[in-house]
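Shown next, in C-alpha coordinates, is the structure this report addresses.
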Amino acid sequence: PPHPAGGGERLPRTPFSASSTSSASPLARRSFATPESPGAAGRPSLPVLTLFDRPFLMPPKGDEVTMRAVERLTALWEALWADREQDGPRDELDGLHRLGPYLAEHLAPCLPDAPDARPPPHRGVYKVIVRAVAEFPTRAWGPLLDVLRVLLLIPSANAALTAPSAGAHSQALPSILRRCIVDKDAPQPIVLRGIFVATNIFAHPQGARSVVRGGQASMWTEAALDLVTSPSMQVRLAASALLYNMALYTGRDESFEMVQLVSGLAHRVHSPGPQSDPETGLRLLLALGKAVHRKPAAARLLHSLIAEASQAGGPAALRPPPAAGPGDMRGAVMDEVRRVVAAGE
(Lines give C-alpha, C1' and ligand atoms only; values in the text may rest on other atoms or scores of the structure.)
Protein backbone atom coordinates (compact mmCIF):
# COMPACT_ATOMS: atom_id res chain seq x y z
CA PRO A 1 0.00 0.00 0.00
CA PRO A 2 1.11 3.61 -0.43
CA HIS A 3 2.81 5.45 2.39
CA PRO A 4 0.39 8.08 3.73
CA ALA A 5 1.71 11.64 3.91
CA GLY A 6 -0.17 12.36 7.09
CA GLY A 7 -3.57 11.79 8.58
CA GLY A 8 -3.64 8.27 9.96
CA GLU A 9 0.10 7.58 9.97
CA ARG A 10 2.54 8.22 12.78
CA LEU A 11 5.84 8.99 11.06
CA PRO A 12 9.19 8.91 12.87
CA ARG A 13 9.55 12.09 14.90
CA THR A 14 12.49 13.79 13.23
CA PRO A 15 12.83 17.57 13.43
CA PHE A 16 11.58 17.87 9.88
CA SER A 17 8.91 15.18 9.55
CA ALA A 18 5.91 16.14 7.43
CA SER A 19 3.37 14.09 9.35
CA SER A 20 1.40 17.10 10.53
CA THR A 21 1.75 20.79 11.21
CA SER A 22 -1.26 21.25 13.45
CA SER A 23 -0.56 22.25 17.05
CA ALA A 24 -2.71 19.33 18.20
CA SER A 25 -0.20 16.88 16.70
CA PRO A 26 2.59 15.35 18.82
CA LEU A 27 4.95 16.75 16.19
CA ALA A 28 3.55 20.24 16.83
CA ARG A 29 5.29 23.50 16.18
CA ARG A 30 8.10 22.75 18.60
CA SER A 31 9.65 20.29 16.14
CA PHE A 32 10.09 23.03 13.54
CA ALA A 33 10.91 25.83 15.95
CA THR A 34 13.93 28.07 16.07
CA PRO A 35 14.40 30.79 18.68
CA GLU A 36 12.19 33.66 17.69
CA SER A 37 13.97 36.96 17.06
CA PRO A 38 12.10 40.24 17.46
CA GLY A 39 10.98 41.89 14.24
CA ALA A 40 13.46 44.43 12.94
CA ALA A 41 12.43 48.05 12.83
CA GLY A 42 9.69 48.49 10.26
CA ARG A 43 9.18 44.76 9.85
CA PRO A 44 6.09 42.94 11.13
CA SER A 45 6.45 40.46 13.96
CA LEU A 46 5.64 36.97 12.64
CA PRO A 47 5.61 34.55 15.58
CA VAL A 48 4.06 31.66 13.63
CA LEU A 49 5.85 31.94 10.29
CA THR A 50 9.22 32.18 12.02
CA LEU A 51 8.59 28.80 13.68
CA PHE A 52 8.71 27.08 10.30
CA ASP A 53 12.16 27.36 8.77
CA ARG A 54 13.00 23.87 7.52
CA PRO A 55 11.66 21.80 4.66
CA PHE A 56 8.89 19.28 5.12
CA LEU A 57 10.38 15.81 4.61
CA MET A 58 8.97 12.31 4.29
CA PRO A 59 11.15 10.04 6.47
CA PRO A 60 11.00 6.26 6.15
CA LYS A 61 8.30 4.44 8.04
CA GLY A 62 10.83 2.18 9.75
CA ASP A 63 13.81 -0.06 9.15
CA GLU A 64 11.69 -3.09 8.29
CA VAL A 65 9.75 -1.21 5.61
CA THR A 66 12.97 0.18 4.13
CA MET A 67 14.61 -3.24 4.02
CA ARG A 68 11.49 -4.72 2.43
CA ALA A 69 11.67 -2.09 -0.32
CA VAL A 70 15.31 -3.05 -0.99
CA GLU A 71 14.34 -6.73 -1.15
CA ARG A 72 11.48 -6.03 -3.57
CA LEU A 73 13.70 -3.89 -5.80
CA THR A 74 16.30 -6.67 -5.84
CA ALA A 75 13.62 -9.24 -6.73
CA LEU A 76 12.39 -7.11 -9.64
CA TRP A 77 15.93 -6.70 -10.93
CA GLU A 78 16.57 -10.46 -10.69
CA ALA A 79 13.26 -11.24 -12.43
CA LEU A 80 14.23 -8.91 -15.29
CA TRP A 81 17.39 -10.87 -15.99
CA ALA A 82 15.77 -14.26 -15.35
CA ASP A 83 13.23 -13.47 -18.10
CA ARG A 84 16.14 -12.77 -20.43
CA GLU A 85 17.92 -15.94 -19.30
CA GLN A 86 21.03 -13.90 -18.61
CA ASP A 87 23.13 -12.91 -15.64
CA GLY A 88 22.73 -9.26 -14.76
CA PRO A 89 25.72 -6.92 -14.50
CA ARG A 90 27.85 -7.81 -11.50
CA ASP A 91 28.29 -4.25 -10.26
CA GLU A 92 24.51 -3.74 -10.18
CA LEU A 93 24.03 -6.93 -8.17
CA ASP A 94 26.81 -5.88 -5.78
CA GLY A 95 25.13 -2.49 -5.35
CA LEU A 96 21.81 -4.12 -4.47
CA HIS A 97 23.42 -6.54 -2.02
CA ARG A 98 25.21 -3.67 -0.26
CA LEU A 99 22.25 -1.29 -0.27
CA GLY A 100 20.44 -2.76 2.73
CA PRO A 101 23.47 -2.72 5.06
CA TYR A 102 24.38 0.75 3.78
CA LEU A 103 20.98 2.17 4.67
CA ALA A 104 20.90 0.38 8.01
CA GLU A 105 24.26 1.94 8.93
CA HIS A 106 23.91 5.45 7.52
CA LEU A 107 20.25 6.44 7.75
CA ALA A 108 20.54 8.33 11.02
CA PRO A 109 18.59 11.61 11.09
CA CYS A 110 20.69 14.49 9.84
CA LEU A 111 19.66 18.13 9.75
CA PRO A 112 19.99 19.70 6.29
CA ASP A 113 22.71 22.15 7.39
CA ALA A 114 24.74 19.78 9.56
CA PRO A 115 28.17 18.57 8.38
CA ASP A 116 28.01 15.00 7.21
CA ALA A 117 30.74 12.55 6.27
CA ARG A 118 28.62 9.57 5.28
CA PRO A 119 29.84 8.01 2.04
CA PRO A 120 27.62 7.64 -1.02
CA PRO A 121 26.13 4.22 -1.80
CA HIS A 122 27.87 1.73 -4.07
CA ARG A 123 28.05 2.95 -7.69
CA GLY A 124 26.02 -0.07 -8.78
CA VAL A 125 22.97 1.38 -6.99
CA TYR A 126 22.90 4.32 -9.39
CA LYS A 127 23.10 1.97 -12.36
CA VAL A 128 20.16 -0.01 -11.00
CA ILE A 129 18.14 3.22 -10.70
CA VAL A 130 18.86 4.12 -14.33
CA ARG A 131 17.94 0.64 -15.50
CA ALA A 132 14.72 0.57 -13.47
CA VAL A 133 13.60 3.87 -14.99
CA ALA A 134 14.35 2.66 -18.49
CA GLU A 135 13.11 -0.93 -18.25
CA PHE A 136 10.59 -1.33 -15.41
CA PRO A 137 6.94 -0.43 -16.11
CA THR A 138 5.82 2.63 -14.16
CA ARG A 139 3.27 0.60 -12.17
CA ALA A 140 6.18 -1.49 -10.77
CA TRP A 141 8.17 1.50 -9.52
CA GLY A 142 6.94 1.29 -5.91
CA PRO A 143 10.13 -0.25 -4.45
CA LEU A 144 12.32 2.05 -6.54
CA LEU A 145 10.51 5.14 -5.26
CA ASP A 146 10.61 3.91 -1.67
CA VAL A 147 14.39 3.42 -1.92
CA LEU A 148 14.90 6.84 -3.55
CA ARG A 149 12.80 8.49 -0.86
CA VAL A 150 15.27 7.19 1.73
CA LEU A 151 18.49 7.77 -0.24
CA LEU A 152 17.67 11.43 -0.73
CA LEU A 153 17.83 11.99 3.04
CA ILE A 154 21.56 11.14 2.95
CA PRO A 155 23.58 14.18 1.81
CA SER A 156 26.10 12.37 -0.41
CA ALA A 157 23.39 10.35 -2.15
CA ASN A 158 21.20 13.44 -2.54
CA ALA A 159 24.07 15.32 -4.19
CA ALA A 160 24.92 12.43 -6.49
CA LEU A 161 21.32 11.98 -7.61
CA THR A 162 20.67 15.68 -8.22
CA ALA A 163 23.97 17.14 -9.48
CA PRO A 164 23.53 17.98 -13.19
CA SER A 165 27.04 16.75 -14.03
CA ALA A 166 26.82 13.46 -12.15
CA GLY A 167 26.16 11.28 -15.18
CA ALA A 168 23.16 9.34 -16.45
CA HIS A 169 21.75 8.74 -12.98
CA SER A 170 21.35 12.51 -12.43
CA GLN A 171 18.75 12.49 -15.22
CA ALA A 172 16.80 9.64 -13.63
CA LEU A 173 14.97 11.78 -11.07
CA PRO A 174 13.54 14.29 -13.57
CA SER A 175 12.31 11.37 -15.70
CA ILE A 176 10.79 9.61 -12.71
CA LEU A 177 8.99 12.68 -11.42
CA ARG A 178 7.71 13.69 -14.82
CA ARG A 179 6.05 10.32 -15.21
CA CYS A 180 4.83 10.15 -11.59
CA ILE A 181 3.44 13.60 -10.90
CA VAL A 182 3.36 15.57 -14.16
CA ASP A 183 2.01 13.22 -16.82
CA LYS A 184 -1.01 12.31 -14.63
CA ASP A 185 -1.32 8.77 -15.95
CA ALA A 186 0.42 6.84 -13.15
CA PRO A 187 -1.57 4.84 -10.56
CA GLN A 188 -2.31 6.82 -7.40
CA PRO A 189 0.11 4.83 -5.15
CA ILE A 190 2.89 5.68 -7.60
CA VAL A 191 1.83 9.33 -7.74
CA LEU A 192 1.95 9.52 -3.94
CA ARG A 193 5.38 7.89 -3.75
CA GLY A 194 6.58 10.21 -6.50
CA ILE A 195 5.55 13.25 -4.46
CA PHE A 196 7.43 11.83 -1.47
CA VAL A 197 10.58 11.56 -3.60
CA ALA A 198 10.16 15.11 -4.93
CA THR A 199 9.67 16.42 -1.37
CA ASN A 200 12.82 14.72 -0.05
CA ILE A 201 14.97 16.23 -2.79
CA PHE A 202 14.77 19.36 -0.60
CA ALA A 203 16.40 17.55 2.35
CA HIS A 204 19.74 19.14 1.48
CA PRO A 205 20.70 22.37 -0.32
CA GLN A 206 22.20 20.68 -3.37
CA GLY A 207 18.91 18.98 -4.13
CA ALA A 208 16.88 22.14 -3.58
CA ARG A 209 19.14 24.11 -5.92
CA SER A 210 18.81 21.44 -8.58
CA VAL A 211 15.05 22.06 -8.67
CA VAL A 212 15.08 25.84 -8.48
CA ARG A 213 17.98 26.37 -10.88
CA GLY A 214 17.57 23.34 -13.06
CA GLY A 215 14.44 24.42 -14.91
CA GLN A 216 12.11 22.01 -13.10
CA ALA A 217 10.37 24.45 -10.75
CA SER A 218 7.64 25.56 -13.14
CA MET A 219 6.72 22.01 -14.11
CA TRP A 220 6.57 20.86 -10.47
CA THR A 221 4.60 23.91 -9.35
CA GLU A 222 1.91 23.36 -11.95
CA ALA A 223 1.63 19.67 -11.10
CA ALA A 224 1.54 20.22 -7.32
CA LEU A 225 -1.06 23.00 -7.57
CA ASP A 226 -3.26 20.57 -9.46
CA LEU A 227 -2.64 17.71 -7.02
CA VAL A 228 -3.70 19.73 -3.94
CA THR A 229 -7.26 19.43 -5.27
CA SER A 230 -7.07 15.62 -5.45
CA PRO A 231 -9.93 13.58 -3.93
CA SER A 232 -7.24 11.78 -1.91
CA MET A 233 -6.33 13.55 1.32
CA GLN A 234 -2.95 11.79 1.32
CA VAL A 235 -2.12 13.23 -2.08
CA ARG A 236 -3.31 16.71 -1.05
CA LEU A 237 -1.13 16.68 2.06
CA ALA A 238 1.93 15.49 0.19
CA ALA A 239 1.48 17.98 -2.66
CA SER A 240 1.04 20.90 -0.24
CA ALA A 241 4.25 19.87 1.56
CA LEU A 242 6.07 19.93 -1.79
CA LEU A 243 4.73 23.43 -2.53
CA TYR A 244 5.93 24.60 0.89
CA ASN A 245 9.43 23.32 0.15
CA MET A 246 9.46 25.08 -3.19
CA ALA A 247 8.32 28.31 -1.54
CA LEU A 248 11.24 28.11 0.91
CA TYR A 249 13.67 28.25 -2.00
CA THR A 250 11.85 30.71 -4.25
CA GLY A 251 14.20 33.50 -5.27
CA ARG A 252 13.81 37.10 -4.15
CA ASP A 253 13.82 38.51 -7.68
CA GLU A 254 10.82 38.65 -9.97
CA SER A 255 10.68 35.61 -12.27
CA PHE A 256 8.15 33.50 -14.08
CA GLU A 257 8.52 30.77 -11.46
CA MET A 258 7.88 33.21 -8.60
CA VAL A 259 4.80 34.67 -10.29
CA GLN A 260 3.47 31.18 -11.02
CA LEU A 261 3.98 29.98 -7.45
CA VAL A 262 2.59 33.04 -5.65
CA SER A 263 -0.42 33.47 -7.93
CA GLY A 264 -1.16 29.72 -7.86
CA LEU A 265 -0.93 29.52 -4.06
CA ALA A 266 -3.08 32.64 -3.66
CA HIS A 267 -5.74 31.12 -5.91
CA ARG A 268 -5.75 27.81 -4.02
CA VAL A 269 -5.94 29.58 -0.64
CA HIS A 270 -8.72 31.89 -1.84
CA SER A 271 -10.68 29.16 -3.69
CA PRO A 272 -9.72 25.76 -2.25
CA GLY A 273 -12.46 23.87 -4.09
CA PRO A 274 -14.73 21.07 -2.89
CA GLN A 275 -11.82 18.79 -1.96
CA SER A 276 -10.11 20.54 0.94
CA ASP A 277 -9.14 19.97 4.57
CA PRO A 278 -7.67 22.14 7.34
CA GLU A 279 -4.20 20.55 7.29
CA THR A 280 -3.73 21.03 3.55
CA GLY A 281 -5.06 24.56 3.91
CA LEU A 282 -2.52 25.31 6.64
CA ARG A 283 0.37 24.01 4.55
CA LEU A 284 -0.74 26.11 1.57
CA LEU A 285 -0.93 29.21 3.78
CA LEU A 286 2.53 28.49 5.19
CA ALA A 287 3.82 28.07 1.64
CA LEU A 288 2.29 31.39 0.62
CA GLY A 289 3.81 33.06 3.67
CA LYS A 290 7.27 31.68 2.90
CA ALA A 291 6.92 32.66 -0.76
CA VAL A 292 6.43 36.35 0.14
CA HIS A 293 8.29 36.78 3.45
CA ARG A 294 11.31 39.05 2.95
CA LYS A 295 10.75 38.87 -0.79
CA PRO A 296 9.48 42.33 -1.79
CA ALA A 297 8.69 41.46 -5.42
CA ALA A 298 6.53 38.52 -4.32
CA ALA A 299 4.83 40.61 -1.60
CA ARG A 300 3.98 43.32 -4.13
CA LEU A 301 2.56 40.70 -6.48
CA LEU A 302 0.34 39.26 -3.76
CA HIS A 303 -0.79 42.78 -2.80
CA SER A 304 -1.88 43.42 -6.38
CA LEU A 305 -3.70 40.07 -6.54
CA ILE A 306 -5.61 40.90 -3.36
CA ALA A 307 -6.52 44.34 -4.73
CA GLU A 308 -7.74 42.86 -8.01
CA ALA A 309 -9.89 40.30 -6.18
CA SER A 310 -11.44 43.03 -4.02
CA GLN A 311 -12.17 45.28 -7.03
CA ALA A 312 -13.85 42.38 -8.82
CA GLY A 313 -16.57 42.41 -6.18
CA GLY A 314 -15.95 38.86 -4.99
CA PRO A 315 -15.44 37.75 -1.38
CA ALA A 316 -12.54 39.33 0.44
CA ALA A 317 -9.27 37.80 -0.67
CA LEU A 318 -7.31 35.87 1.96
CA ARG A 319 -10.24 35.90 4.36
CA PRO A 320 -9.41 33.91 7.52
CA PRO A 321 -11.12 30.50 7.35
CA PRO A 322 -13.47 29.28 10.07
CA ALA A 323 -11.43 27.61 12.81
CA ALA A 324 -11.54 23.81 12.67
CA GLY A 325 -10.69 23.51 16.36
CA PRO A 326 -8.63 25.04 19.16
CA GLY A 327 -5.34 23.99 17.52
CA ASP A 328 -6.13 25.46 14.09
CA MET A 329 -3.35 27.92 13.18
CA ARG A 330 -4.73 28.98 9.79
CA GLY A 331 -6.20 32.24 11.03
CA ALA A 332 -2.92 33.24 12.70
CA VAL A 333 -0.91 32.42 9.58
CA MET A 334 -3.39 34.27 7.37
CA ASP A 335 -3.03 37.36 9.59
CA GLU A 336 0.75 37.21 9.35
CA VAL A 337 0.65 36.85 5.56
CA ARG A 338 -1.52 39.95 5.35
CA ARG A 339 0.94 41.82 7.59
CA VAL A 340 3.83 40.84 5.31
CA VAL A 341 1.89 42.11 2.30
CA ALA A 342 0.98 45.36 4.04
CA ALA A 343 4.63 45.94 4.94
CA GLY A 344 5.70 45.17 1.38
CA GLU A 345 8.30 42.62 2.41
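We name chains A, B, ... following the order of the C-alpha coordinates; residues begin at 1 in each chain, and ligands are numbered from 1 as shown.
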
Closest pair table for region 125-163 of chain A residues within 10 Å of region 65-85 of chain A, only C-alpha atoms, as a tab-separated table:
```
residue	atom	partner	partner_atom	distance
A:Val128	CA	A:Trp77	CA	7.9
A:Ile129	CA	A:Leu73	CA	9.7
A:Arg131	CA	A:Trp77	CA	8.9
A:Ala132	CA	A:Trp77	CA	7.8
A:Glu135	CA	A:Leu80	CA	8.6
A:Phe136	CA	A:Leu76	CA	8.4
A:Ala140	CA	A:Leu76	CA	8.4
A:Trp141	CA	A:Leu73	CA	8.6
A:Gly142	CA	A:Ala69	CA	8.1
A:Pro143	CA	A:Ala69	CA	4.8
A:Leu144	CA	A:Leu73	CA	6.1
A:Leu145	CA	A:Ala69	CA	8.8
A:Asp146	CA	A:Ala69	CA	6.2
A:Val147	CA	A:Ala69	CA	6.4
A:Arg149	CA	A:Thr66	CA	9.7
A:Val150	CA	A:Thr66	CA	7.8
```

Which parts of region 90-280 of chain A does DSSP call helix (DSSP H, G or I) when run on the backbone here, written out as a VMD selection string? chain A and resid 90 to 106 123 to 135 138 to 140 142 to 151 155 to 162 168 to 182 188 to 203 205 to 212 217 to 227 233 to 248 256 to 270 278 to 280

Please identify all polymer residues within 8 Å of Thr250 (chain A), counting only C-alpha atoms, omitting same-chain residues fewer than 5 positions from it, and present them as a short mmCIF file (atom, residue, chain, number, x, y, z; two decimals) with all heavy atoms, in the first residue's frame.
```
data_model
loop_
_atom_site.label_atom_id
_atom_site.label_comp_id
_atom_site.auth_asym_id
_atom_site.auth_seq_id
_atom_site.Cartn_x
_atom_site.Cartn_y
_atom_site.Cartn_z
N VAL A 212 15.32 24.42 -8.24
CA VAL A 212 15.08 25.84 -8.48
C VAL A 212 15.88 26.34 -9.67
O VAL A 212 15.38 27.14 -10.48
CB VAL A 212 15.43 26.65 -7.21
CG1 VAL A 212 15.30 28.14 -7.46
CG2 VAL A 212 14.51 26.23 -6.06
N GLU A 257 8.79 31.80 -12.46
CA GLU A 257 8.52 30.77 -11.46
C GLU A 257 7.92 31.37 -10.19
O GLU A 257 7.03 30.79 -9.58
CB GLU A 257 9.81 30.02 -11.12
CG GLU A 257 10.34 29.13 -12.24
CD GLU A 257 11.05 29.89 -13.34
OE1 GLU A 257 11.34 31.10 -13.15
OE2 GLU A 257 11.31 29.29 -14.39
N MET A 258 8.43 32.55 -9.78
CA MET A 258 7.88 33.21 -8.60
C MET A 258 6.44 33.63 -8.83
O MET A 258 5.57 33.41 -7.97
CB MET A 258 8.74 34.41 -8.22
CG MET A 258 8.26 35.16 -6.97
SD MET A 258 6.98 36.40 -7.32
CE MET A 258 7.99 37.70 -8.00
N ALA A 291 6.66 32.16 0.60
CA ALA A 291 6.92 32.66 -0.76
C ALA A 291 7.03 34.18 -0.80
O ALA A 291 7.68 34.72 -1.71
CB ALA A 291 5.80 32.20 -1.71
#
```

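Interatomic distance, CA of Val197 (chain A) against CA of Met58 (chain A): 8.1 Å.
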
From the options A:Pro55, A:Pro101, A:Pro120, A:Gly207, which residue's atoms come nearest to Pro164 (chain A), counting only C-alpha atoms?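 Between A:Pro55, A:Pro101, A:Pro120, A:Gly207, the residue approaching Pro164 (chain A) most closely is A:Gly207.
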
Which residues are near region 154-156 of chain A? Cut-off 7 Å, only C-alpha atoms, ignore same chain within fewer than 5 positions. Put them as a PDB file with all heavy atoms, in the first residue's frame.
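result19.pdb, written as the output of this step:
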```pdb
ATOM      1  N   LEU A 107      21.478   5.661   7.784  1.00  0.00           N
ATOM      2  CA  LEU A 107      20.250   6.437   7.746  1.00  0.00           C
ATOM      3  C   LEU A 107      19.894   6.989   9.125  1.00  0.00           C
ATOM      4  O   LEU A 107      18.785   6.855   9.584  1.00  0.00           O
ATOM      5  CB  LEU A 107      19.093   5.615   7.188  1.00  0.00           C
ATOM      6  CG  LEU A 107      17.862   6.450   6.792  1.00  0.00           C
ATOM      7  CD1 LEU A 107      18.215   7.435   5.707  1.00  0.00           C
ATOM      8  CD2 LEU A 107      16.731   5.551   6.345  1.00  0.00           C
ATOM      9  N   ARG A 118      29.039  10.893   5.735  1.00  0.00           N
ATOM     10  CA  ARG A 118      28.623   9.575   5.284  1.00  0.00           C
ATOM     11  C   ARG A 118      28.947   9.386   3.812  1.00  0.00           C
ATOM     12  O   ARG A 118      28.708  10.283   2.999  1.00  0.00           O
ATOM     13  CB  ARG A 118      27.123   9.391   5.529  1.00  0.00           C
ATOM     14  CG  ARG A 118      26.764   9.151   6.983  1.00  0.00           C
ATOM     15  CD  ARG A 118      25.263   9.112   7.197  1.00  0.00           C
ATOM     16  NE  ARG A 118      24.677  10.448   7.086  1.00  0.00           N
ATOM     17  CZ  ARG A 118      23.384  10.705   7.284  1.00  0.00           C
ATOM     18  NH1 ARG A 118      22.558   9.707   7.572  1.00  0.00           N
ATOM     19  NH2 ARG A 118      22.925  11.925   7.191  1.00  0.00           N
ATOM     20  N   PRO A 119      29.481   8.227   3.444  1.00  0.00           N
ATOM     21  CA  PRO A 119      29.843   8.006   2.037  1.00  0.00           C
ATOM     22  C   PRO A 119      28.605   7.783   1.178  1.00  0.00           C
ATOM     23  O   PRO A 119      27.526   7.459   1.700  1.00  0.00           O
ATOM     24  CB  PRO A 119      30.688   6.727   2.107  1.00  0.00           C
ATOM     25  CG  PRO A 119      30.121   5.989   3.281  1.00  0.00           C
ATOM     26  CD  PRO A 119      29.763   7.059   4.286  1.00  0.00           C
ATOM     27  N   PRO A 120      28.749   7.956  -0.133  1.00  0.00           N
ATOM     28  CA  PRO A 120      27.620   7.639  -1.024  1.00  0.00           C
ATOM     29  C   PRO A 120      27.446   6.130  -1.124  1.00  0.00           C
ATOM     30  O   PRO A 120      28.351   5.357  -0.752  1.00  0.00           O
ATOM     31  CB  PRO A 120      28.055   8.240  -2.364  1.00  0.00           C
ATOM     32  CG  PRO A 120      29.550   8.227  -2.315  1.00  0.00           C
ATOM     33  CD  PRO A 120      29.916   8.463  -0.874  1.00  0.00           C
ATOM     34  N   HIS A 204      18.415  18.531   1.421  1.00  0.00           N
ATOM     35  CA  HIS A 204      19.741  19.143   1.475  1.00  0.00           C
ATOM     36  C   HIS A 204      19.854  20.200   0.386  1.00  0.00           C
ATOM     37  O   HIS A 204      19.208  20.101  -0.667  1.00  0.00           O
ATOM     38  CB  HIS A 204      20.821  18.074   1.348  1.00  0.00           C
ATOM     39  CG  HIS A 204      20.724  17.024   2.415  1.00  0.00           C
ATOM     40  ND1 HIS A 204      21.111  17.249   3.718  1.00  0.00           N
ATOM     41  CD2 HIS A 204      20.209  15.767   2.394  1.00  0.00           C
ATOM     42  CE1 HIS A 204      20.860  16.170   4.451  1.00  0.00           C
ATOM     43  NE2 HIS A 204      20.319  15.260   3.670  1.00  0.00           N
TER      44      HIS A 204
END
```

Show which residues sit within 12 Å of Leu286 (chain A), as a PyMOL selection string. Count only C-alpha atoms, and ignore same-chain residues fewer than 3 positions away. chain A and resi 21-22+46+48-56+240-248+262+265-266+269+279-283+289-293+329-337

Work out how far apart CA of Val182 (chain A) and CA of Met219 (chain A) are and give it in Å to one decimal.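 We find that CA of Val182 (chain A) and CA of Met219 (chain A) lie 7.3 Å from each other.
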
In Å, with one decimal, what is the gap from CA of Gly273 (chain A) to CA of Ala208 (chain A)?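 Distance reported for this atom pair: 29.4 Å.
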
Between A:Arg294, A:His122, A:Gln216, A:His270, which one has atoms that come closest to Ser310 (chain A), using only C-alpha atoms?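 Closest to Ser310 (chain A), using only C-alpha atoms: A:His270.
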